[in-house]
Every structure is written in structure tokens, then in C-alpha cells.
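S.K.: What follows is final_28.txt; its format and atoms are compact mmCIF, C-alpha atoms.
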# COMPACT_ATOMS: atom_id res chain seq x y z
CA MET A 1 56.92 -2.62 -0.58
CA THR A 2 59.03 -5.65 -1.41
CA GLU A 3 59.31 -8.81 0.66
CA PRO A 4 62.03 -8.84 3.35
CA LEU A 5 65.22 -10.67 2.49
CA PHE A 6 64.83 -12.84 5.59
CA PRO A 7 62.16 -13.23 8.28
CA PRO A 8 62.30 -10.34 10.80
CA ARG A 9 63.11 -11.23 14.36
CA PRO A 10 60.14 -11.31 16.73
CA PRO A 11 60.00 -8.55 19.34
CA VAL A 12 61.84 -9.09 22.61
CA MET A 13 59.35 -9.48 25.47
CA ILE A 14 59.45 -9.38 29.26
CA ALA A 15 56.67 -10.99 31.30
CA THR A 16 54.26 -9.01 33.49
CA ASP A 17 51.07 -9.90 35.35
CA HIS A 18 49.14 -8.17 32.56
CA GLY A 19 50.74 -9.78 29.52
CA ASP A 20 54.12 -9.51 27.84
CA TYR A 21 55.84 -6.12 27.60
CA PRO A 22 57.66 -5.58 24.25
CA ILE A 23 61.07 -3.95 24.58
CA HIS A 24 62.01 -1.12 22.21
CA ARG A 25 65.24 0.33 23.66
CA ILE A 26 67.30 -0.06 26.83
CA PHE A 27 68.77 3.12 28.32
CA CYS A 28 71.17 2.84 31.27
CA VAL A 29 72.11 5.51 33.80
CA GLY A 30 75.71 5.62 34.97
CA ARG A 31 76.90 6.49 38.48
CA ASN A 32 73.50 7.17 40.00
CA TYR A 33 74.56 6.09 43.50
CA ALA A 34 77.37 8.07 45.13
CA ASP A 35 78.87 5.02 46.84
CA HIS A 36 79.19 3.17 43.53
CA ALA A 37 80.77 6.17 41.82
CA ALA A 38 83.30 6.32 44.65
CA GLU A 39 84.16 2.61 44.47
CA MET A 40 84.83 3.04 40.74
CA GLY A 41 87.14 5.98 41.44
CA HIS A 42 84.85 8.76 40.23
CA GLU A 43 83.03 11.73 41.64
CA VAL A 44 79.35 12.10 40.86
CA ASP A 45 78.49 14.64 38.17
CA ARG A 46 75.63 16.45 39.91
CA GLU A 47 75.03 18.75 36.95
CA ALA A 48 73.23 16.07 34.94
CA PRO A 49 72.85 12.29 34.72
CA PHE A 50 74.67 10.46 31.94
CA TYR A 51 73.59 7.48 29.89
CA PHE A 52 74.69 4.59 27.74
CA MET A 53 72.59 2.04 25.85
CA LYS A 54 72.16 -1.68 25.44
CA ASP A 55 70.49 -3.24 22.41
CA ALA A 56 67.20 -5.06 22.89
CA SER A 57 69.14 -8.16 21.78
CA SER A 58 71.17 -7.93 25.01
CA LEU A 59 68.06 -8.64 27.08
CA ALA A 60 67.59 -12.01 28.74
CA PRO A 61 65.10 -13.46 31.22
CA ASP A 62 66.38 -14.84 34.50
CA GLY A 63 67.63 -18.41 34.51
CA PRO A 64 70.72 -20.23 33.15
CA LEU A 65 72.55 -18.29 30.41
CA PRO A 66 75.67 -18.90 28.32
CA PHE A 67 78.74 -17.20 29.77
CA PRO A 68 79.71 -14.08 27.76
CA PRO A 69 82.76 -14.45 25.49
CA GLY A 70 85.85 -12.27 25.55
CA THR A 71 86.04 -11.44 29.25
CA GLN A 72 88.01 -12.56 32.28
CA ASP A 73 86.23 -10.15 34.65
CA LEU A 74 82.42 -10.23 34.41
CA HIS A 75 80.68 -8.05 37.03
CA HIS A 76 77.15 -7.88 38.41
CA GLU A 77 75.24 -4.61 38.85
CA VAL A 78 71.72 -4.79 40.32
CA GLU A 79 69.35 -2.02 39.24
CA LEU A 80 65.76 -0.78 39.38
CA ILE A 81 64.15 -0.92 35.93
CA ALA A 82 61.52 1.64 34.85
CA ALA A 83 59.35 0.66 31.86
CA LEU A 84 57.50 3.32 29.85
CA ASP A 85 54.09 3.12 28.19
CA ALA A 86 53.76 6.61 26.70
CA ASP A 87 55.52 8.89 24.23
CA LEU A 88 57.64 11.66 25.72
CA PHE A 89 59.75 14.47 24.34
CA ASN A 90 61.16 17.38 26.34
CA ALA A 91 58.98 16.33 29.27
CA ASP A 92 58.92 17.67 32.82
CA THR A 93 59.22 15.38 35.83
CA ALA A 94 55.46 15.16 36.36
CA GLN A 95 54.93 14.01 32.78
CA ALA A 96 57.84 11.60 33.12
CA ALA A 97 56.37 10.04 36.25
CA ARG A 98 53.02 9.47 34.53
CA ALA A 99 54.73 7.73 31.62
CA VAL A 100 56.08 4.87 33.78
CA TRP A 101 54.05 1.70 33.25
CA GLY A 102 55.91 -0.29 35.85
CA TYR A 103 59.13 -1.42 37.48
CA GLY A 104 61.35 -4.47 37.70
CA VAL A 105 64.62 -5.85 39.01
CA GLY A 106 67.45 -6.02 36.50
CA LEU A 107 71.13 -6.88 36.20
CA ASP A 108 73.42 -4.69 34.10
CA MET A 109 76.16 -7.25 33.53
CA THR A 110 79.49 -5.71 32.61
CA ARG A 111 82.66 -7.05 31.01
CA ARG A 112 84.69 -4.91 33.39
CA ASP A 113 88.05 -5.67 31.81
CA LEU A 114 86.82 -4.53 28.39
CA GLN A 115 85.13 -1.47 29.88
CA ALA A 116 88.37 -0.53 31.67
CA GLN A 117 90.35 -0.87 28.44
CA ALA A 118 87.85 1.39 26.68
CA LYS A 119 88.05 3.99 29.46
CA ASP A 120 91.85 4.00 29.30
CA LYS A 121 91.69 4.70 25.55
CA ARG A 122 88.73 7.10 25.88
CA ARG A 123 86.61 4.88 23.68
CA SER A 124 83.00 3.79 23.73
CA TRP A 125 81.89 1.33 26.44
CA ASP A 126 79.96 -0.86 23.98
CA LEU A 127 82.19 -3.95 24.22
CA GLY A 128 82.03 -3.79 28.00
CA LYS A 129 78.33 -3.09 28.37
CA ASN A 130 76.36 -3.96 25.25
CA PHE A 131 76.48 -7.70 24.56
CA GLU A 132 74.15 -10.67 24.47
CA ASN A 133 72.59 -11.65 27.82
CA SER A 134 73.97 -8.57 29.57
CA ALA A 135 70.58 -7.09 30.55
CA ILE A 136 68.86 -9.71 32.71
CA LEU A 137 65.34 -8.77 33.77
CA ALA A 138 62.82 -10.24 36.17
CA PRO A 139 59.09 -9.98 35.37
CA LEU A 140 57.74 -6.43 35.62
CA THR A 141 55.24 -5.10 38.16
CA ASP A 142 52.84 -2.26 37.26
CA ALA A 143 53.49 1.09 38.94
CA ALA A 144 50.17 1.18 40.80
CA THR A 145 50.91 -2.13 42.49
CA PHE A 146 54.49 -1.18 43.35
CA GLY A 147 53.57 2.26 44.69
CA ASP A 148 55.82 5.25 45.22
CA ILE A 149 59.58 4.89 45.12
CA GLY A 150 61.00 5.44 48.60
CA THR A 151 63.33 3.48 50.82
CA GLN A 152 62.70 0.04 49.31
CA ALA A 153 65.77 -2.16 49.80
CA ILE A 154 67.79 -3.14 46.71
CA THR A 155 70.14 -6.11 47.18
CA LEU A 156 72.19 -8.65 45.31
CA ALA A 157 73.72 -11.86 46.69
CA VAL A 158 76.09 -14.26 44.95
CA ASN A 159 75.86 -17.88 46.14
CA GLY A 160 74.00 -16.61 49.20
CA GLU A 161 76.67 -14.06 50.14
CA MET A 162 75.39 -10.47 50.15
CA ARG A 163 77.37 -8.25 47.79
CA GLN A 164 75.19 -5.18 47.16
CA THR A 165 72.76 -3.63 49.62
CA SER A 166 71.21 -0.17 49.59
CA ASP A 167 67.83 1.46 49.17
CA LEU A 168 66.18 3.34 46.33
CA SER A 169 66.23 6.67 48.16
CA LYS A 170 70.01 6.71 47.66
CA MET A 171 69.65 7.35 43.93
CA ILE A 172 71.18 10.74 43.09
CA TRP A 173 68.73 11.36 40.26
CA SER A 174 65.15 10.21 40.81
CA VAL A 175 63.39 8.11 38.18
CA PRO A 176 61.25 11.05 36.94
CA GLU A 177 64.37 13.25 36.74
CA VAL A 178 66.28 10.59 34.79
CA ILE A 179 63.41 10.14 32.32
CA ALA A 180 62.70 13.86 31.92
CA TYR A 181 66.37 14.65 31.25
CA LEU A 182 66.66 11.80 28.76
CA SER A 183 63.58 13.09 26.92
CA ARG A 184 65.46 16.26 26.00
CA TYR A 185 67.60 14.19 23.63
CA TYR A 186 65.33 11.29 22.54
CA HIS A 187 61.72 10.87 21.57
CA LEU A 188 60.93 8.28 24.23
CA THR A 189 58.14 5.83 23.57
CA ALA A 190 56.25 2.86 24.99
CA GLY A 191 58.62 -0.09 25.18
CA ASP A 192 61.63 1.97 26.25
CA ILE A 193 63.10 0.87 29.56
CA ILE A 194 65.59 2.65 31.79
CA MET A 195 68.10 0.88 34.01
CA THR A 196 68.49 3.43 36.78
CA GLY A 197 71.96 2.73 38.17
CA THR A 198 73.57 0.43 40.72
CA PRO A 199 74.72 0.87 44.33
CA ALA A 200 78.17 -0.04 45.65
CA GLY A 201 79.36 -3.62 45.96
CA VAL A 202 79.69 -4.60 42.31
CA GLY A 203 82.01 -7.52 41.77
CA PRO A 204 82.96 -10.53 39.69
CA VAL A 205 80.99 -13.66 38.92
CA ILE A 206 82.13 -16.85 37.27
CA ALA A 207 80.27 -19.65 35.54
CA GLY A 208 78.04 -21.46 37.99
CA ASP A 209 77.63 -18.57 40.44
CA VAL A 210 74.00 -17.96 41.40
CA MET A 211 73.01 -14.28 41.51
CA THR A 212 69.90 -13.39 43.52
CA ALA A 213 68.67 -9.82 43.03
CA GLN A 214 65.80 -8.28 44.95
CA ILE A 215 63.95 -4.99 45.40
CA ASP A 216 61.20 -4.83 48.01
CA GLY A 217 57.80 -5.06 46.32
CA LEU A 218 59.05 -6.47 43.01
CA ALA A 219 59.46 -9.97 41.60
CA PRO A 220 62.94 -11.28 42.54
CA LEU A 221 65.52 -12.36 39.99
CA GLU A 222 67.79 -15.40 40.11
CA ALA A 223 70.30 -15.96 37.34
CA ARG A 224 73.49 -17.82 36.62
CA TYR A 225 75.83 -18.28 33.69
CA LEU A 226 76.86 -21.68 32.41
CA ALA A 227 80.37 -22.51 31.24
Taking this structure as input, can you express it in the form of C-alpha cells?
M.R.:
Amino acid sequence: MTEPLFPPRPPVMIATDHGDYPIHRIFCVGRNYADHAAEMGHEVDREAPFYFMKDASSLAPDGPLPFPPGTQDLHHEVELIAALDADLFNADTAQAARAVWGYGVGLDMTRRDLQAQAKDKRRSWDLGKNFENSAILAPLTDAATFGDIGTQAITLAVNGEMRQTSDLSKMIWSVPEVIAYLSRYYHLTAGDIIMTGTPAGVGPVIAGDVMTAQIDGLAPLEARYLA
């Protein structure tokens, strides 16, 4: 094996109480809350969940971040994050549930204007969804500490004003269902994380706005973009 042409990038990590968790891939579930699907002008596809991806390079810790280029309409979407620690392929829901190492609070930031343009032209959402600092994650909590997913509140406030409020029981597809279905098409592995969808109330943020995202039982997230 020859030497690499340039030094490889170090793995992207997210903090936990048990050490850093290295990120492999970021899968995102679309329209997993009926109220959000409705506010975006869509009906929920109850036949199967659907997915898009973000690169690991899109991940950022909470804190001040550079404002994304190329957009005049940046939107927040608060989500529950599920982090895997086992290999899965064509798994059932019981196997999928056992493969979850832990959970966290995340923001799926979206260049809504670019996403809308892509939808109008029936093109990929990549420019709208997959960009640097678009997956903002709080430190992860292990599944045993968090406990079972139930009616934990999920909220997001901007500058102290509540924008999104719901609870995890409102997800159309449960976390094990989302993971099991995804495993029909990918060999999932430790380091893969799933952003499980956002409730209604998504909206714009501008440079300087402070976003505070919370899920009961998990480390909160506070983030803002700089000009």
C-alpha cells in the first residue's frame, strides 16, 4: 500500500458521558410527524418511511457557527437522534432496538429556498439539506440512561420564543421501525446515526438568532450562526 497523497481527515466525533462517539454516516427521516408533513403541504406516506442523507462533514457541535452560504431562507428542524453501536442488515424491530447505543438532540438545518427549488425541478435535495454545519448535535446519552421512548417533550425556541413543541409519541414511524426499514437497503454499522424527523413549527433563523433545542431526559442544545 502506498502512502496517501495528503493526510486523511480525523474522524468526526460527538461527545458522550462515556467518551467520544465517532460518526460514520448520517441518515435522516423525512415527514415523520403528521403535523410537519401537513405544514409543508404533504400527506404522510404511511406505506414506508423515506430517507435522505447528510455527510459526516455536515456535522457540528452546538455553539457559534458560520452562517451557511447560498441561502436567504435557513430553517431549523429539531429532531431526536438515534446512534447505533452494532452492525445490522435486514433486521427486525427487536434487533434494531438493541442496536441503539444512545440518543441525542439534533438540528437538521435546511436551506429551504434551495430545497424548494429542487422540489420544483424534481431534483435531489442535497443543496438544501447536505451542507457544512447543517447537522448540529448535542452530546449523546446512552439508551439505558435515557430509557424507553414515550411521551418525552421535544421543543425548539428561537431567542426564547417557542417555535416547535411536540412529544416523541407523535412520530409516525418508531425508532426501531425506522432503523429496521433502513436496514433492508443498507448494511448499517456502529457510528451510523439517524435523525428521526421533526414536528411542526419549522421556520427561519438569521445570523445571531439563538436556537435552544430540548428533549426531556437528554442534554440540551444551544446554537447560533454568526454573520
S.K.: Go through A:Gly197, A:Gly208, A:Gly203, A:Pro11 and flag the residue nearest Arg31 of chain A, using all atoms listed in the file for the distances.
M.R.: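 Among the listed residues, A:Gly197 lies closest to Arg31 of chain A.
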S.K.: Between A:Ala48, A:Ala60, A:Ala190, A:Met1, single out the one closest to Pro22 of chain A, counting only C-alpha atoms.
M.R.: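 Looking at the shortest contact to Pro22 of chain A, the residue is A:Ala190.
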S.K.: Which polymer residues have any atom within 10 Å of an atom of segment 87-104 of chain A, counting all atoms listed in the file, with same-chain residues fewer than 3 positions away left out, as a ChimeraX atom specification?
M.R.: /A:14,16,21,79-84,137-147,149,174-195,214-215,217-221
S.K.: Go through segment 33-96 of chain A residue by residue and, counting all atoms listed in the file, keep those with an atom at most 10 Å from segment 155-171 of chain A; for each kept residue give the shortest atom pair and its distance in Å to one decimal, ordered by chain and increasing number, as a Markdown table.
M.R.:
| residue | atom | partner | partner_atom | distance |
| --- | --- | --- | --- | --- |
| A:Tyr33 | CA | A:Met171 | CA | 5.1 |
| A:Ala34 | CA | A:Met171 | CA | 7.8 |
| A:Asp35 | CA | A:Lys170 | CA | 9.1 |
| A:His36 | CA | A:Gln164 | CA | 9.9 |
| A:His76 | CA | A:Leu156 | CA | 8.5 |
| A:Glu77 | CA | A:Leu156 | CA | 8.2 |
| A:Val78 | CA | A:Leu156 | CA | 6.3 |
| A:Glu79 | CA | A:Thr155 | CA | 9.0 |
| A:Leu80 | CA | A:Leu168 | CA | 8.1 |
S.K.: Report, in Å with one decimal, the straight-line distance from atom CA of Leu5 of chain A to atom CA of Pro61 of chain A.
M.R.: 28.9 Å
S.K.: Tell me, in Å to one decimal, how far atom CA of Asp55 of chain A is from atom CA of His75 of chain A.
M.R.: 18.5 Å
S.K.: Atom CA of Ser134 of chain A and atom CA of Asp216 of chain A, how far apart in Å?
M.R.: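 According to the coordinates, atom CA of Asp216 of chain A and atom CA of Ser134 of chain A are separated by 22.7 Å.
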S.K.: Given all atoms listed in the file as the basis, pick out the residue of A:Thr198, A:Phe52, A:Gly30, A:Pro8 nearest to Ser124 of chain A.
M.R.: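 Residue with the minimum atom-to-atom distance to Ser124 of chain A: A:Phe52.
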S.K.: Name the residues, using the chain letters and numbers of the file, that sit within 9 Å of (83.3, -16.5, 35.2) when counting all atoms listed in the file, and give them as a PDB file with C-alpha atoms, keeping the file's coordinate frame.
M.R.:
ATOM      1  CA  PHE A  67      78.740 -17.200  29.770  1.00  0.00           C
ATOM      2  CA  PRO A  68      79.710 -14.080  27.760  1.00  0.00           C
ATOM      3  CA  THR A  71      86.040 -11.440  29.250  1.00  0.00           C
ATOM      4  CA  GLN A  72      88.010 -12.560  32.280  1.00  0.00           C
ATOM      5  CA  ASP A  73      86.230 -10.150  34.650  1.00  0.00           C
ATOM      6  CA  LEU A  74      82.420 -10.230  34.410  1.00  0.00           C
ATOM      7  CA  PRO A 204      82.960 -10.530  39.690  1.00  0.00           C
ATOM      8  CA  VAL A 205      80.990 -13.660  38.920  1.00  0.00           C
ATOM      9  CA  ILE A 206      82.130 -16.850  37.270  1.00  0.00           C
ATOM     10  CA  ALA A 207      80.270 -19.650  35.540  1.00  0.00           C
ATOM     11  CA  GLY A 208      78.040 -21.460  37.990  1.00  0.00           C
ATOM     12  CA  ASP A 209      77.630 -18.570  40.440  1.00  0.00           C
ATOM     13  CA  TYR A 225      75.830 -18.280  33.690  1.00  0.00           C
ATOM     14  CA  LEU A 226      76.860 -21.680  32.410  1.00  0.00           C
ATOM     15  CA  ALA A 227      80.370 -22.510  31.240  1.00  0.00           C
TER      16      ALA A 227
END
S.K.: I need the residue nearest Phe131 of chain A from this list: A:Ala200, A:Gly150, A:Leu59, A:Ala86. Use all atoms listed in the file for the distance.
M.R.: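 The answer is A:Leu59, which sits nearest to Phe131 of chain A.
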S.K.: Quick one: of A:Met53, A:Ile154, A:Ile23, A:Leu107, who's nearest to Asp85 of chain A, counting all atoms listed in the file?
M.R.: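 Closest residue, counting all atoms listed in the file: A:Ile23.
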S.K.: Given the choices A:Arg123, A:Val12, A:Asn130, A:Pro199, which gets closest to Arg111 of chain A if the distance is worked out from only C-alpha atoms?
M.R.: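 Of A:Arg123, A:Val12, A:Asn130, A:Pro199, the one nearest Arg111 of chain A, counting only C-alpha atoms, is A:Asn130.
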S.K.: Tell me which protein, DNA and RNA residues are within 12 Å of Gly70 of chain A, counting only C-alpha atoms, leaving out same-chain ones fewer than 6 positions away, and put them as a ChimeraX atom specification.
M.R.: /A:110-115,127-128,131-132
S.K.: Using C-alpha atoms, can you write the selected residues to a file as a PDB file, keeping the file's coordinate frame?
M.R.:
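Dumped everything to part-v9.pdb:
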ATOM      1  CA  THR A 110      79.490  -5.710  32.610  1.00  0.00           C
ATOM      2  CA  ARG A 111      82.660  -7.050  31.010  1.00  0.00           C
ATOM      3  CA  ARG A 112      84.690  -4.910  33.390  1.00  0.00           C
ATOM      4  CA  ASP A 113      88.050  -5.670  31.810  1.00  0.00           C
ATOM      5  CA  LEU A 114      86.820  -4.530  28.390  1.00  0.00           C
ATOM      6  CA  GLN A 115      85.130  -1.470  29.880  1.00  0.00           C
ATOM      7  CA  LEU A 127      82.190  -3.950  24.220  1.00  0.00           C
ATOM      8  CA  GLY A 128      82.030  -3.790  28.000  1.00  0.00           C
ATOM      9  CA  PHE A 131      76.480  -7.700  24.560  1.00  0.00           C
ATOM     10  CA  GLU A 132      74.150 -10.670  24.470  1.00  0.00           C
TER      11      GLU A 132
END
S.K.: Using the block above, I'd like segment 107-186 of chain A written out, keeping C-alpha atoms and formatting it as a PDB file, in the first residue's frame.
M.R.:
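Final output, part_16.pdb:
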ATOM      1  CA  LEU A 107     -30.926  20.184  14.441  1.00  0.00           C
ATOM      2  CA  ASP A 108     -31.458  19.329  10.780  1.00  0.00           C
ATOM      3  CA  MET A 109     -30.793  22.789   9.363  1.00  0.00           C
ATOM      4  CA  THR A 110     -32.276  23.316   5.921  1.00  0.00           C
ATOM      5  CA  ARG A 111     -31.667  25.829   3.148  1.00  0.00           C
ATOM      6  CA  ARG A 112     -35.398  25.904   2.486  1.00  0.00           C
ATOM      7  CA  ASP A 113     -35.184  28.090  -0.608  1.00  0.00           C
ATOM      8  CA  LEU A 114     -32.744  25.684  -2.268  1.00  0.00           C
ATOM      9  CA  GLN A 115     -34.784  22.670  -1.185  1.00  0.00           C
ATOM     10  CA  ALA A 116     -37.930  24.240  -2.667  1.00  0.00           C
ATOM     11  CA  GLN A 117     -36.153  24.906  -5.955  1.00  0.00           C
ATOM     12  CA  ALA A 118     -35.022  21.286  -6.069  1.00  0.00           C
ATOM     13  CA  LYS A 119     -38.542  20.023  -5.353  1.00  0.00           C
ATOM     14  CA  ASP A 120     -39.975  22.200  -8.132  1.00  0.00           C
ATOM     15  CA  LYS A 121     -37.493  20.681 -10.593  1.00  0.00           C
ATOM     16  CA  ARG A 122     -37.804  17.164  -9.123  1.00  0.00           C
ATOM     17  CA  ARG A 123     -34.122  17.139  -8.258  1.00  0.00           C
ATOM     18  CA  SER A 124     -32.117  15.897  -5.316  1.00  0.00           C
ATOM     19  CA  TRP A 125     -32.378  17.792  -2.010  1.00  0.00           C
ATOM     20  CA  ASP A 126     -28.606  17.803  -1.449  1.00  0.00           C
ATOM     21  CA  LEU A 127     -28.058  21.559  -1.814  1.00  0.00           C
ATOM     22  CA  GLY A 128     -30.897  22.224   0.607  1.00  0.00           C
ATOM     23  CA  LYS A 129     -30.034  19.607   3.199  1.00  0.00           C
ATOM     24  CA  ASN A 130     -26.443  18.408   2.930  1.00  0.00           C
ATOM     25  CA  PHE A 131     -24.010  21.230   3.683  1.00  0.00           C
ATOM     26  CA  GLU A 132     -21.418  22.161   6.276  1.00  0.00           C
ATOM     27  CA  ASN A 133     -22.758  22.795   9.800  1.00  0.00           C
ATOM     28  CA  SER A 134     -26.260  21.612   8.872  1.00  0.00           C
ATOM     29  CA  ALA A 135     -26.389  18.715  11.369  1.00  0.00           C
ATOM     30  CA  ILE A 136     -25.911  20.255  14.813  1.00  0.00           C
ATOM     31  CA  LEU A 137     -25.766  17.718  17.637  1.00  0.00           C
ATOM     32  CA  ALA A 138     -25.752  17.948  21.408  1.00  0.00           C
ATOM     33  CA  PRO A 139     -23.770  15.381  23.438  1.00  0.00           C
ATOM     34  CA  LEU A 140     -25.286  11.895  23.338  1.00  0.00           C
ATOM     35  CA  THR A 141     -26.860   9.992  26.230  1.00  0.00           C
ATOM     36  CA  ASP A 142     -26.718   6.180  26.396  1.00  0.00           C
ATOM     37  CA  ALA A 143     -30.003   4.337  25.854  1.00  0.00           C
ATOM     38  CA  ALA A 144     -30.080   2.762  29.316  1.00  0.00           C
ATOM     39  CA  THR A 145     -29.892   6.172  30.977  1.00  0.00           C
ATOM     40  CA  PHE A 146     -32.496   7.716  28.670  1.00  0.00           C
ATOM     41  CA  GLY A 147     -34.940   4.817  28.991  1.00  0.00           C
ATOM     42  CA  ASP A 148     -37.829   3.924  26.722  1.00  0.00           C
ATOM     43  CA  ILE A 149     -39.097   6.378  24.145  1.00  0.00           C
ATOM     44  CA  GLY A 150     -42.552   7.589  25.134  1.00  0.00           C
ATOM     45  CA  THR A 151     -44.124  10.990  25.544  1.00  0.00           C
ATOM     46  CA  GLN A 152     -40.922  12.943  26.216  1.00  0.00           C
ATOM     47  CA  ALA A 153     -41.369  16.560  25.109  1.00  0.00           C
ATOM     48  CA  ILE A 154     -39.377  17.778  22.092  1.00  0.00           C
ATOM     49  CA  THR A 155     -39.115  21.572  21.744  1.00  0.00           C
ATOM     50  CA  LEU A 156     -37.214  24.312  19.993  1.00  0.00           C
ATOM     51  CA  ALA A 157     -37.164  28.015  20.866  1.00  0.00           C
ATOM     52  CA  VAL A 158     -35.567  30.866  18.924  1.00  0.00           C
ATOM     53  CA  ASN A 159     -34.442  33.824  21.062  1.00  0.00           C
ATOM     54  CA  GLY A 160     -36.641  32.468  23.854  1.00  0.00           C
ATOM     55  CA  GLU A 161     -39.777  32.260  21.699  1.00  0.00           C
ATOM     56  CA  MET A 162     -41.161  28.722  21.385  1.00  0.00           C
ATOM     57  CA  ARG A 163     -41.381  27.596  17.765  1.00  0.00           C
ATOM     58  CA  GLN A 164     -41.645  23.794  17.865  1.00  0.00           C
ATOM     59  CA  THR A 165     -43.310  21.743  20.580  1.00  0.00           C
ATOM     60  CA  SER A 166     -44.480  18.144  20.474  1.00  0.00           C
ATOM     61  CA  ASP A 167     -43.656  14.797  22.041  1.00  0.00           C
ATOM     62  CA  LEU A 168     -41.861  11.709  20.783  1.00  0.00           C
ATOM     63  CA  SER A 169     -45.011   9.579  20.764  1.00  0.00           C
ATOM     64  CA  LYS A 170     -46.195  11.635  17.786  1.00  0.00           C
ATOM     65  CA  MET A 171     -43.607  10.053  15.484  1.00  0.00           C
ATOM     66  CA  ILE A 172     -45.396   8.116  12.741  1.00  0.00           C
ATOM     67  CA  TRP A 173     -42.613   5.543  12.477  1.00  0.00           C
ATOM     68  CA  SER A 174     -40.959   4.475  15.730  1.00  0.00           C
ATOM     69  CA  VAL A 175     -37.179   4.472  16.039  1.00  0.00           C
ATOM     70  CA  PRO A 176     -36.935   0.648  15.760  1.00  0.00           C
ATOM     71  CA  GLU A 177     -39.220   0.713  12.702  1.00  0.00           C
ATOM     72  CA  VAL A 178     -37.143   3.435  11.044  1.00  0.00           C
ATOM     73  CA  ILE A 179     -33.894   1.537  11.671  1.00  0.00           C
ATOM     74  CA  ALA A 180     -35.273  -1.869  10.658  1.00  0.00           C
ATOM     75  CA  TYR A 181     -36.686  -0.498   7.390  1.00  0.00           C
ATOM     76  CA  LEU A 182     -33.442   1.311   6.595  1.00  0.00           C
ATOM     77  CA  SER A 183     -31.503  -1.920   7.170  1.00  0.00           C
ATOM     78  CA  ARG A 184     -33.255  -3.506   4.194  1.00  0.00           C
ATOM     79  CA  TYR A 185     -31.263  -1.199   1.922  1.00  0.00           C
ATOM     80  CA  TYR A 186     -28.000  -0.521   3.817  1.00  0.00           C
TER      81      TYR A 186
END
